[in-house]
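One structure below.
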Amino acid sequence: MVNGRWGQAILWGGCLAALAAGSVEGQDPASIVGRASRAYRALNSLQAEFVQTIEDRSQGDTLTSRGTVYQSGNNFFAMRFSDPAGEAVVVDGKYIWVYTPSTAPDVVYRRPLPTDPVYGVNLLAQLLDRPQDRYRASYVKRDTVSGRATDVVDLVPTTGSVSFARATLWIGVDDALPRRIELEEAPGARRIVALSRLRPNAPTPRSTFTFTVPPGVRVVADPAG
């Protein structure tokens, strides 16, 4: 399950004129994702409630979790879980901390933040920060998420620097912010992240991005850091 939580963390964004992209119903996927990229990059911070579902069809397993995600730039990021309660993935600008007391109550895992934050744990940054460097986009359809009109766009990686084979984004027509993300990861594995109550530029205390090691919990550090 620790590996699953590392996967959950990956887990979280310009112009896309260079994308080789298909078109459906007259929609231009490059323009849609380009607008989403510009909206993401213009944010000072973002908060949202999330429900995350990880499906492993080969094993018949489904893992659902929920909580609040916080972001300030690419180097400060936190997933604070309400279910499983107390679990957290925190990026403090230097380290990534992963604490999963439901499966490993006595340890917290720490590793250095990657040199390029775009390829770190911030999923939104992976998808929406400079996507023209890594994806080919195609338009899927117009859809509704929680009563909000969205454009659905597929992104297929054009490099080997991401950990999924395909991403599907539901992007708000009115605000260009993502409302749902589906990732095809390992064969038979799919991750679905539904976002709600998005709060762009909401004040976020810096303590949100600080992980305090609970008493009696051992820090297991990556050898590189």
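Residue names in the structure tokens use chain letters A, B, ... in the order shown, residue numbers from 1 in each chain, and ligand numbers from 1 in the order shown.
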Find the residues around A:Asp174 up to 10 Å (only C-alpha atoms counted), leave out those fewer than 6 positions away in its own chain, and share them as a list in words.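 My reading of the contact set: Arg148, Ala149 and Thr150 of chain A.
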If we count only C-alpha atoms and set the cut-off at 12 Å, which residues sit around A:Arg166, ignoring sequence neighbours fewer than 6 positions away in its own chain? Please answer as a PyMOL selection string. chain A and resi 127+134-138+153-160+181-187+189-191
Give me, as a ChimeraX atom specification, the residues of stretch 69-131 of chain A that a backbone DSSP run labels strand (DSSP E). /A:69-72,76-83,85-92,95-99,107-112
Test item: residues at most 6 Å from stretch 96-113 of chain A, only C-alpha atoms, excluding those fewer than 3 positions along its chain, as a ChimeraX atom specification: /A:87-91,217-222,225
Write out the residues from the selection above, keeping C-alpha atoms, as a PDB file, in the first residue's frame.
ATOM      1  CA  GLU A  87      -2.994   9.984   5.982  1.00  0.00           C
ATOM      2  CA  ALA A  88      -1.015  12.621   4.133  1.00  0.00           C
ATOM      3  CA  VAL A  89       1.242  13.339   1.211  1.00  0.00           C
ATOM      4  CA  VAL A  90       3.124  16.595   1.762  1.00  0.00           C
ATOM      5  CA  VAL A  91       5.676  18.467  -0.331  1.00  0.00           C
ATOM      6  CA  VAL A 217       6.926   7.373  14.161  1.00  0.00           C
ATOM      7  CA  ARG A 218      10.216   6.578  12.427  1.00  0.00           C
ATOM      8  CA  VAL A 219      11.385   8.509   9.357  1.00  0.00           C
ATOM      9  CA  VAL A 220      12.527   6.234   6.533  1.00  0.00           C
ATOM     10  CA  ALA A 221      14.556   8.386   4.149  1.00  0.00           C
ATOM     11  CA  ASP A 222      15.373   7.725   0.526  1.00  0.00           C
ATOM     12  CA  GLY A 225      18.155  12.334   0.594  1.00  0.00           C
TER      13      GLY A 225
END
At most 9 Å is the cut-off: for each residue in stretch 88-131 of chain A with any atom that close to an atom of stretch 39-46 of chain A, write down the nearest atom pair and the distance in Å rounded to one decimal, counting only C-alpha atoms, chain first then increasing number, as CSV.
residue,atom,partner,partner_atom,distance
A:Leu124,CA,A:Tyr40,CA,8.2
A:Ala125,CA,A:Tyr40,CA,8.3
A:Leu128,CA,A:Tyr40,CA,6.9
A:Asp129,CA,A:Arg41,CA,7.0
Would you output that residue set with C-alpha atoms, as a JSON list (two decimals), in the first residue's frame?
[["chain", "number", "residue", "atom", "x", "y", "z"],
["A", 124, "LEU", "CA", -1.92, 19.09, -12.11],
["A", 125, "ALA", "CA", 1.55, 20.40, -12.88],
["A", 128, "LEU", "CA", -1.00, 21.39, -17.35],
["A", 129, "ASP", "CA", 2.44, 22.94, -16.99]]
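Each of A:Gly188, A:Ala78, A:Gln132, A:Ile171 was checked against A:Asp61 using only C-alpha atoms; the smallest atom-to-atom distance is that of A:Gly188.
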A:Ser72, A:Thr210, A:Pro215, A:Leu169 ranked by distance to A:Asp92, top pick (using only C-alpha atoms): A:Thr210
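Proximity ranking of A:Ala85, A:Val152, A:Ala48, A:Ile54 relative to A:Asp28 places A:Val152 first, based on only C-alpha atoms.
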Please measure the separation of atom CA of A:Val140 and atom CA of A:Glu49, giving the value in Å to one decimal.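 So the two atoms, atom CA of A:Val140 and atom CA of A:Glu49, lie 25.2 Å apart.
Of the residues under consideration (A:Asp175, A:Asp143, A:Ala194, A:Phe209), A:Phe209 shows the shortest atom-to-atom contact distance to A:Asn74 when counting only C-alpha atoms.
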Expressed in Å, the length from atom CA of A:Trp170 to atom CA of A:Gln59 is 27.3 Å
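For stretch 96-154 of chain A, a DSSP pass over the backbone yields alpha helix (DSSP H) at Leu123, Leu124, Ala125, Gln126, Leu127 and Leu128 of chain A.
If you measure from each of A:Thr64, A:Asn75, A:Ser82, A:Thr53 to A:Tyr95 using only C-alpha atoms, the closest one turns out to be A:Asn75.
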